[in-house]
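Asks: File final08.csv follows (CSV, C-alpha atoms):
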```
chain,number,residue,atom,x,y,z
A,22,MET,CA,38.3,26.2,-35.2
A,23,MET,CA,40.5,23.2,-34.6
A,24,LYS,CA,41.2,20.9,-37.4
A,25,GLN,CA,39.5,17.5,-36.9
A,26,GLY,CA,41.7,14.4,-37.5
A,27,LEU,CA,45.2,15.1,-38.9
A,28,HIS,CA,46.1,12.8,-41.8
A,29,ILE,CA,49.9,12.8,-41.9
A,30,PRO,CA,51.9,10.6,-44.1
A,31,GLU,CA,53.4,7.6,-42.3
A,32,GLU,CA,56.9,8.4,-43.5
A,33,MET,CA,56.7,11.9,-42.0
A,34,LEU,CA,55.4,10.5,-38.8
A,35,ASP,CA,58.3,8.0,-38.7
A,36,ARG,CA,60.8,10.9,-39.0
A,37,ILE,CA,59.0,12.9,-36.3
A,38,ASP,CA,58.9,9.8,-34.0
A,39,TYR,CA,62.6,9.2,-34.5
A,40,ILE,CA,63.5,12.8,-33.6
A,41,LEU,CA,61.2,12.8,-30.5
A,42,ALA,CA,62.6,9.4,-29.4
A,43,HIS,CA,66.1,10.7,-29.7
A,44,LEU,CA,65.2,13.7,-27.6
A,45,ALA,CA,63.5,11.6,-25.0
A,46,GLU,CA,66.5,9.4,-24.7
A,47,LYS,CA,69.1,12.2,-24.6
A,48,ALA,CA,67.3,14.6,-22.3
A,49,HIS,CA,65.8,12.0,-19.9
A,50,THR,CA,62.3,13.4,-20.3
A,51,ASP,CA,59.1,11.9,-18.9
A,52,SER,CA,57.0,12.6,-22.0
A,53,ILE,CA,57.0,14.6,-25.1
A,54,VAL,CA,54.0,15.7,-27.2
A,55,LEU,CA,54.3,17.2,-30.6
A,56,ALA,CA,51.1,19.1,-31.6
A,57,ASP,CA,50.1,21.3,-34.5
A,58,ILE,CA,49.6,25.0,-33.7
A,59,SER,CA,45.9,24.5,-33.2
A,60,GLY,CA,46.6,21.9,-30.4
A,61,GLN,CA,46.0,18.6,-32.2
A,62,VAL,CA,48.4,15.8,-31.2
A,63,ILE,CA,50.8,14.7,-33.9
A,64,SER,CA,53.1,12.4,-31.9
A,65,LEU,CA,53.7,11.3,-28.4
A,66,GLN,CA,56.7,9.8,-26.6
A,67,GLY,CA,56.5,8.5,-23.1
A,68,ILE,CA,53.7,7.6,-20.7
A,69,MET,CA,50.5,9.6,-20.3
A,70,ASP,CA,47.0,8.6,-19.3
A,71,GLN,CA,44.5,8.1,-22.0
A,72,GLY,CA,43.1,11.5,-23.1
A,73,THR,CA,45.8,13.5,-21.4
A,74,PRO,CA,48.0,14.3,-24.5
A,75,ALA,CA,45.0,15.9,-26.2
A,76,VAL,CA,44.3,18.1,-23.2
A,77,VAL,CA,48.0,18.9,-22.7
A,78,ALA,CA,48.3,19.8,-26.4
A,79,ALA,CA,45.2,22.0,-26.4
A,80,LEU,CA,46.3,23.8,-23.3
A,81,ALA,CA,49.8,24.3,-24.7
A,82,ALA,CA,48.3,25.7,-27.9
A,83,GLY,CA,46.5,28.3,-25.7
A,84,ASP,CA,49.7,29.1,-23.8
A,85,VAL,CA,51.6,29.5,-27.0
A,86,ALA,CA,48.9,31.7,-28.5
A,87,ALA,CA,48.8,33.9,-25.4
A,88,MET,CA,52.6,34.1,-25.3
A,89,ALA,CA,52.8,35.0,-29.0
A,90,GLU,CA,50.2,37.8,-28.4
A,91,LEU,CA,52.1,39.0,-25.3
A,92,SER,CA,55.3,39.0,-27.3
A,93,SER,CA,53.8,41.1,-30.1
A,94,ARG,CA,52.3,43.5,-27.6
A,95,ILE,CA,55.7,44.3,-26.2
A,96,GLY,CA,57.1,44.8,-29.7
A,97,GLU,CA,58.7,41.4,-30.2
A,98,GLN,CA,59.0,40.8,-34.0
A,99,ASP,CA,59.4,37.0,-33.9
A,100,PRO,CA,56.8,35.3,-31.6
A,101,HIS,CA,58.2,31.8,-32.3
A,102,GLY,CA,60.2,31.3,-29.1
A,103,SER,CA,60.2,28.9,-26.2
A,104,PHE,CA,59.1,29.1,-22.6
A,105,PHE,CA,59.6,27.1,-19.5
A,106,HIS,CA,57.5,26.3,-16.5
A,107,GLU,CA,59.4,25.1,-13.4
A,108,GLY,CA,57.3,22.9,-11.2
A,109,GLU,CA,58.0,21.3,-7.9
A,110,THR,CA,58.1,17.8,-9.2
A,111,LYS,CA,57.6,18.2,-13.0
A,112,SER,CA,58.5,20.9,-15.4
A,113,ILE,CA,57.3,21.8,-18.8
A,114,TYR,CA,59.2,23.2,-21.8
A,115,LEU,CA,57.2,24.6,-24.7
A,116,HIS,CA,58.6,25.6,-28.1
A,117,ASN,CA,56.7,27.2,-30.9
A,118,ILE,CA,58.3,25.8,-34.1
A,119,ALA,CA,57.8,28.2,-36.9
A,120,GLY,CA,54.2,28.8,-36.0
A,121,SER,CA,53.3,25.2,-37.2
A,122,PHE,CA,54.3,22.8,-34.4
A,123,ILE,CA,54.4,23.0,-30.7
A,124,LEU,CA,57.0,20.9,-28.9
A,125,ILE,CA,55.9,20.1,-25.4
A,126,VAL,CA,58.5,18.5,-23.2
A,127,ILE,CA,57.6,17.3,-19.7
A,128,PHE,CA,60.5,16.3,-17.4
A,129,ARG,CA,61.2,15.8,-13.8
A,130,SER,CA,62.4,18.9,-11.9
A,131,GLU,CA,65.7,17.2,-10.9
A,132,THR,CA,66.6,17.0,-14.7
A,133,PRO,CA,68.8,19.9,-15.5
A,134,ILE,CA,66.9,22.5,-17.6
A,135,GLY,CA,70.0,23.0,-19.7
A,136,LEU,CA,70.0,19.3,-20.7
A,137,VAL,CA,66.4,19.6,-21.9
A,138,ARG,CA,67.1,22.9,-23.6
A,139,LEU,CA,70.2,21.6,-25.4
A,140,PHE,CA,68.5,18.6,-27.0
A,141,ALA,CA,65.2,20.3,-27.5
A,142,LYS,CA,66.9,22.9,-29.6
A,143,ARG,CA,68.6,20.2,-31.6
A,144,ALA,CA,65.2,18.5,-32.1
A,145,VAL,CA,63.6,21.9,-33.2
A,146,GLU,CA,66.4,22.3,-35.8
A,147,GLN,CA,65.5,18.9,-37.1
A,148,LEU,CA,61.8,19.4,-37.0
A,149,LEU,CA,62.0,22.8,-38.8
A,150,PRO,CA,62.2,21.4,-42.3
A,151,ILE,CA,59.3,19.0,-41.6
A,152,THR,CA,57.1,22.0,-40.8
A,153,GLU,CA,57.4,23.2,-44.4
A,154,GLU,CA,56.3,19.7,-45.7
A,155,PHE,CA,53.5,19.7,-43.1
A,156,GLU,CA,52.2,23.1,-44.2
A,157,GLU,CA,52.3,21.9,-47.8
A,158,ILE,CA,50.0,19.0,-46.9
A,159,MET,CA,47.8,20.8,-44.3
A,160,GLY,CA,47.9,24.3,-45.6
A,161,PRO,CA,49.6,27.3,-44.0
A,162,PRO,CA,49.0,27.8,-40.3
A,163,ALA,CA,45.9,30.0,-39.6
A,164,ASP,CA,46.3,33.2,-37.8
A,165,TYR,CA,44.5,32.2,-34.6
A,166,SER,CA,43.2,34.8,-32.3
A,167,PRO,CA,43.1,34.2,-28.5
A,168,ASP,CA,39.3,33.9,-28.9
A,169,ASP,CA,39.6,31.2,-31.5
A,170,PHE,CA,41.9,29.3,-29.2
A,171,ARG,CA,39.6,29.7,-26.2
A,172,LYS,CA,36.7,28.3,-28.2
A,173,GLY,CA,38.9,25.5,-29.6
A,174,ILE,CA,40.3,24.5,-26.2
A,175,THR,CA,36.8,24.5,-24.7
A,176,GLN,CA,35.7,22.2,-27.5
A,177,GLU,CA,38.8,19.9,-27.0
A,178,LEU,CA,38.2,19.7,-23.3
A,179,ASP,CA,34.5,19.0,-23.8
A,180,ASP,CA,35.3,16.3,-26.3
A,181,THR,CA,37.9,14.7,-23.9
A,182,PHE,CA,35.8,14.7,-20.8
A,183,MET,CA,32.5,13.8,-22.5
A,184,ASP,CA,34.1,10.4,-23.7
B,10,MET,CA,47.9,4.2,-20.5
B,11,ILE,CA,49.0,4.8,-24.1
B,12,GLU,CA,52.3,4.3,-25.7
B,13,ASP,CA,55.4,3.6,-23.7
B,14,LYS,CA,58.3,4.2,-26.0
B,15,HIS,CA,60.6,5.9,-23.5
B,16,SER,CA,60.6,6.8,-19.9
B,17,GLY,CA,63.8,8.4,-18.7
B,18,GLY,CA,64.7,10.1,-15.5
B,19,GLU,CA,66.5,7.4,-13.5
B,20,ASN,CA,69.8,7.5,-15.4
B,21,LEU,CA,72.4,10.1,-14.8
B,22,SER,CA,73.3,12.1,-17.8
B,23,PRO,CA,76.4,10.8,-19.6
B,24,PHE,CA,77.7,14.3,-19.4
B,25,SER,CA,78.0,14.1,-15.6
B,26,GLU,CA,80.2,11.0,-16.1
B,27,ILE,CA,82.4,12.8,-18.5
B,28,LEU,CA,82.9,15.7,-16.1
B,29,GLU,CA,83.7,13.4,-13.2
B,30,GLU,CA,86.3,11.6,-15.3
B,31,MET,CA,87.8,14.9,-16.5
B,32,ASN,CA,88.0,16.1,-12.9
B,33,GLN,CA,89.9,13.0,-11.9
B,34,GLU,CA,92.2,13.1,-14.9
B,35,GLY,CA,93.1,16.7,-14.5
B,36,GLY,CA,92.9,17.0,-10.7
B,37,PHE,CA,90.2,19.6,-11.0
B,38,ASP,CA,88.1,20.7,-8.1
B,39,ARG,CA,84.8,21.0,-9.9
B,40,SER,CA,83.4,21.5,-13.4
B,41,VAL,CA,80.1,22.3,-15.0
B,42,LEU,CA,78.6,22.1,-18.5
B,43,ALA,CA,76.0,24.7,-19.4
B,44,THR,CA,74.1,26.2,-22.3
B,45,SER,CA,75.0,29.5,-23.9
B,46,GLU,CA,72.3,31.0,-21.7
B,47,GLY,CA,74.0,29.7,-18.6
B,48,LEU,CA,71.5,26.9,-17.9
B,49,PRO,CA,73.1,23.9,-16.3
B,50,ILE,CA,73.4,20.7,-18.3
B,51,ALA,CA,75.6,18.7,-15.9
B,52,SER,CA,78.1,19.2,-13.1
B,53,SER,CA,80.6,17.4,-11.1
B,54,PRO,CA,80.3,17.1,-8.1
B,55,LEU,CA,76.5,16.9,-8.5
B,56,GLN,CA,75.8,19.3,-5.6
B,57,LEU,CA,77.7,22.2,-7.2
B,58,ASP,CA,76.2,25.7,-6.9
B,59,GLN,CA,75.0,25.6,-10.4
B,60,GLU,CA,73.6,29.1,-10.5
B,61,LEU,CA,76.8,30.7,-9.4
B,62,THR,CA,78.8,28.7,-11.9
B,63,SER,CA,76.4,29.4,-14.7
B,64,ALA,CA,76.6,33.1,-14.0
B,65,MET,CA,80.4,32.9,-14.2
B,66,ILE,CA,80.1,31.1,-17.5
B,67,ALA,CA,77.7,33.7,-18.9
B,68,MET,CA,80.1,36.5,-17.9
B,69,LEU,CA,83.1,34.8,-19.4
B,70,GLN,CA,81.3,34.0,-22.6
B,71,GLN,CA,80.3,37.6,-22.9
B,72,VAL,CA,83.9,38.6,-22.6
B,73,GLY,CA,84.8,36.1,-25.2
B,74,ALA,CA,82.1,37.3,-27.6
B,75,GLU,CA,83.0,40.9,-27.2
B,76,THR,CA,86.7,40.2,-27.8
B,77,GLN,CA,85.8,38.3,-30.9
B,78,ASP,CA,83.6,41.2,-32.2
B,79,HIS,CA,86.0,44.0,-31.4
B,80,LEU,CA,89.2,42.3,-32.6
B,81,ASN,CA,87.5,40.4,-35.5
B,82,LEU,CA,89.0,37.1,-34.3
B,83,ALA,CA,87.7,33.6,-35.1
B,84,ALA,CA,85.2,32.0,-32.7
B,85,VAL,CA,86.5,31.8,-29.2
B,86,ASP,CA,87.7,28.3,-28.2
B,87,GLU,CA,88.7,29.0,-24.6
B,88,VAL,CA,88.6,31.8,-22.0
B,89,THR,CA,90.8,31.5,-18.9
B,90,ILE,CA,91.0,33.5,-15.7
B,91,ARG,CA,94.0,33.1,-13.5
B,92,THR,CA,93.7,34.1,-9.8
B,93,GLU,CA,96.5,35.4,-7.5
B,94,ASP,CA,96.8,32.0,-5.9
B,95,ARG,CA,97.4,30.5,-9.4
B,96,MET,CA,94.1,28.8,-9.7
B,97,HIS,CA,92.5,28.8,-13.2
B,98,LEU,CA,88.9,29.1,-14.2
B,99,VAL,CA,88.7,27.6,-17.7
B,100,CYS,CA,85.8,27.9,-20.0
B,101,ARG,CA,85.7,25.9,-23.3
B,102,ARG,CA,83.2,26.7,-25.9
B,103,ILE,CA,81.6,23.8,-27.8
B,104,GLN,CA,79.5,24.2,-30.9
B,105,SER,CA,76.1,22.5,-30.9
B,106,GLY,CA,74.2,23.0,-34.2
B,107,SER,CA,73.6,26.7,-34.6
B,108,ASP,CA,74.2,27.3,-30.9
B,109,TRP,CA,77.0,26.5,-28.5
B,110,ILE,CA,77.5,25.2,-25.0
B,111,CYS,CA,80.2,25.8,-22.4
B,112,LEU,CA,82.4,23.6,-20.4
B,113,CYS,CA,83.8,25.3,-17.3
B,114,ALA,CA,86.4,23.8,-14.9
B,115,LEU,CA,88.0,25.1,-11.7
B,116,VAL,CA,91.7,24.1,-11.9
B,117,PRO,CA,93.9,24.1,-8.8
B,118,ALA,CA,97.4,25.7,-9.0
B,119,GLY,CA,100.0,23.6,-10.7
B,120,CYS,CA,97.5,21.4,-12.6
B,121,TYR,CA,97.6,21.1,-16.4
B,122,TYR,CA,94.1,21.3,-17.9
B,123,ARG,CA,94.3,21.4,-21.7
B,124,ARG,CA,94.6,17.7,-22.4
B,125,ALA,CA,91.8,16.7,-19.9
B,126,THR,CA,89.5,19.4,-21.2
B,127,ASN,CA,90.3,18.5,-24.9
B,128,ARG,CA,89.3,14.9,-24.2
B,129,ALA,CA,86.1,15.9,-22.5
B,130,VAL,CA,85.2,18.3,-25.3
B,131,ARG,CA,85.7,15.5,-27.8
B,132,ARG,CA,83.4,13.1,-25.8
B,133,ILE,CA,80.8,15.8,-25.3
B,134,ASN,CA,80.8,16.5,-29.0
B,135,GLN,CA,80.3,12.8,-29.8
B,136,ILE,CA,77.2,12.6,-27.5
B,137,ILE,CA,75.7,15.8,-29.0
B,138,GLU,CA,76.3,14.7,-32.6
B,139,GLU,CA,75.2,11.0,-32.1
```
Give the structure from the file, written as C-alpha cells.

Replies:
Amino acid sequence: MMKQGLHIPEEMLDRIDYILAHLAEKAHTDSIVLADISGQVISLQGIMDQGTPAVVAALAAGDVAAMAELSSRIGEQDPHGSFFHEGETKSIYLHNIAGSFILIVIFRSETPIGLVRLFAKRAVEQLLPITEEFEEIMGPPADYSPDDFRKGITQELDDTFMD
Amino acid sequence: MIEDKHSGGENLSPFSEILEEMNQEGGFDRSVLATSEGLPIASSPLQLDQELTSAMIAMLQQVGAETQDHLNLAAVDEVTIRTEDRMHLVCRRIQSGSDWICLCALVPAGCYYRRATNRAVRRINQIIEE
C-alpha cells in the first residue's frame, strides 16, 4: 500500500529543496522529482504539468522495485543503484537512495550524461543522511514486492486520472 | 503548470568554457572531461568523438588504478602517454566527493601542458565544490 499524504518537517523539505535546486542548476536538468520508495512525491524542481510528478514518481517506484528484484535475481547484494534511460529528446536518470528515496532526473538528450551523473551523485551523497531522519519520522521503508507496487501504481494512476 | 524554480538546458556547461580556455592557453588540440565510468561531462571542441575519448580515459584510469594497487602508491594524479611523433595524451584525475572525474587533453608536440591543466583542474574543483 502506498502511504497517503507525507508529512515532512518544513526544515527537512527546505534542505531537500536546496540540494535539488543546486542539482538542477549545475546539471542543466529539465525537472527533478524526489519521491519516497513507495512513489509519493516529496519534492519537485522544474516544470511539469499538474498531476505528472505523481505519475512519474509512481512509475519510477515500479521501475526501481523491478530493477531491485532483477538485481537480486542475478545475485547482486546491494540493489540500491542507479539506472538511466536514454530517449530521443529527453532522458531519465533514476537513483535508489538507500531504499528510502528515489531521485528522478529528467534532462534533455543533448545534456551530457556524465554532467548529470556527476552532480546527481553529489546530490545523493547529500541526501543520504536525510534518508535516516526521514525513516525515523516515517518508519523504515517497507519491503515492497512487485505485486504491492503494481497495486500501488494502479491506485496512483487511478487517483490521478479520476481527478 | 506547477512550480517553476529552475529550467536549465539552454546554457552551456561552465566546464566546456574551462576546457576551451585550457586548450587556448596550452595550445591543445582537444580535451574532454568525463566521469570515472567514462561518461562525458564536457568537451572542447563540442563535436568531439566523446565515446572514443571516454574509452581512452577509462583505459588510462584503469592503468593508473592498477599501478597504484600493485606499487602501493598514493592516488594517481596524472597518467600520460607519449606517442612516437611526440604528442601527449594527458589524463588528470580530479576527486569529486567519494568518486573522481577525469580531465583528458591531447597535447601537440612541443607544447607544455602542466600549467594549463593545473589551472583547469583548480577551476573544475571550484565548480564541483561550490

Asks: Please tell me which residues are no farther than 9 Å from (49.1, 17.5, -44.9) in the file, counting all atoms listed in the file, and write them as a ChimeraX atom specification.

Replies: /A:27-30,154-160

Asks: So, with only C-alpha atoms as the atoms that count, which of B:Ala67, B:Leu48, B:Ile90, B:Val72 lies closest to chain A?

Replies: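 Of B:Ala67, B:Leu48, B:Ile90, B:Val72, the one nearest chain A, counting only C-alpha atoms, is B:Leu48.
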
Asks: Counting all atoms listed in the file, which residue out of B:Glu29, B:Ala83, B:Ile103, B:Arg124 sits closest to B:Pro54?

Replies: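 Nearest to B:Pro54: B:Glu29.
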
Asks: When you draw a straight line from atom CA of A:Glu97 to atom CA of B:Asp78, how long is it in Å?

Replies: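 It comes out at 25.0 Å.
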
Asks: Counting all atoms listed in the file, figure out which residue out of B:Val85, B:Val99, B:Leu80, B:Ile137 gets nearest to B:Ala125.

Replies: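 So, comparing all the options, the nearest one is B:Val99.
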
Asks: Take atom CA of A:Glu107 and atom CA of A:Leu124 and report the distance between them in Å, one decimal.

Replies: 16.2 Å

Asks: Assuming the input is short of atoms at stretch 94-110 of chain A, produce N, CA and C atoms for that part as a short mmCIF file (atom, residue, chain, number, x, y, z; two decimals), in the coordinates of the input.

Replies:
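Output below, filename part.cif:
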```
data_model
loop_
_atom_site.label_atom_id
_atom_site.label_comp_id
_atom_site.auth_asym_id
_atom_site.auth_seq_id
_atom_site.Cartn_x
_atom_site.Cartn_y
_atom_site.Cartn_z
N ARG A 94 52.68 42.29 -28.28
CA ARG A 94 52.30 43.50 -27.60
C ARG A 94 53.45 44.28 -27.00
N ILE A 95 54.54 43.57 -26.71
CA ILE A 95 55.70 44.30 -26.20
C ILE A 95 56.72 44.58 -27.29
N GLY A 96 56.27 44.39 -28.52
CA GLY A 96 57.10 44.80 -29.70
C GLY A 96 58.03 43.74 -30.19
N GLU A 97 57.86 42.48 -29.75
CA GLU A 97 58.70 41.40 -30.20
C GLU A 97 58.29 41.04 -31.67
N GLN A 98 59.28 41.02 -32.59
CA GLN A 98 59.00 40.80 -34.00
C GLN A 98 58.69 39.29 -34.28
N ASP A 99 59.50 38.43 -33.66
CA ASP A 99 59.40 37.00 -33.90
C ASP A 99 58.75 36.30 -32.72
N PRO A 100 57.49 35.92 -32.81
CA PRO A 100 56.80 35.30 -31.60
C PRO A 100 57.11 33.80 -31.48
N HIS A 101 57.99 33.23 -32.34
CA HIS A 101 58.20 31.80 -32.30
C HIS A 101 59.30 31.38 -31.36
N GLY A 102 59.12 31.64 -30.11
CA GLY A 102 60.20 31.30 -29.10
C GLY A 102 59.78 30.12 -28.28
N SER A 103 60.45 30.03 -27.14
CA SER A 103 60.20 28.90 -26.20
C SER A 103 59.94 29.49 -24.83
N PHE A 104 59.25 28.74 -24.02
CA PHE A 104 59.10 29.10 -22.60
C PHE A 104 59.06 27.89 -21.73
N PHE A 105 59.30 28.15 -20.46
CA PHE A 105 59.60 27.10 -19.50
C PHE A 105 58.81 27.30 -18.24
N HIS A 106 58.13 26.26 -17.78
CA HIS A 106 57.50 26.30 -16.50
C HIS A 106 58.18 25.39 -15.52
N GLU A 107 58.68 25.94 -14.40
CA GLU A 107 59.40 25.10 -13.40
C GLU A 107 58.41 24.70 -12.33
N GLY A 108 58.16 23.42 -12.23
CA GLY A 108 57.30 22.90 -11.20
C GLY A 108 58.04 22.30 -10.05
N GLU A 109 57.31 21.89 -9.01
CA GLU A 109 58.00 21.30 -7.90
C GLU A 109 58.51 19.90 -8.18
N THR A 110 57.69 19.11 -8.89
CA THR A 110 58.10 17.80 -9.20
C THR A 110 58.31 17.59 -10.75
#
```
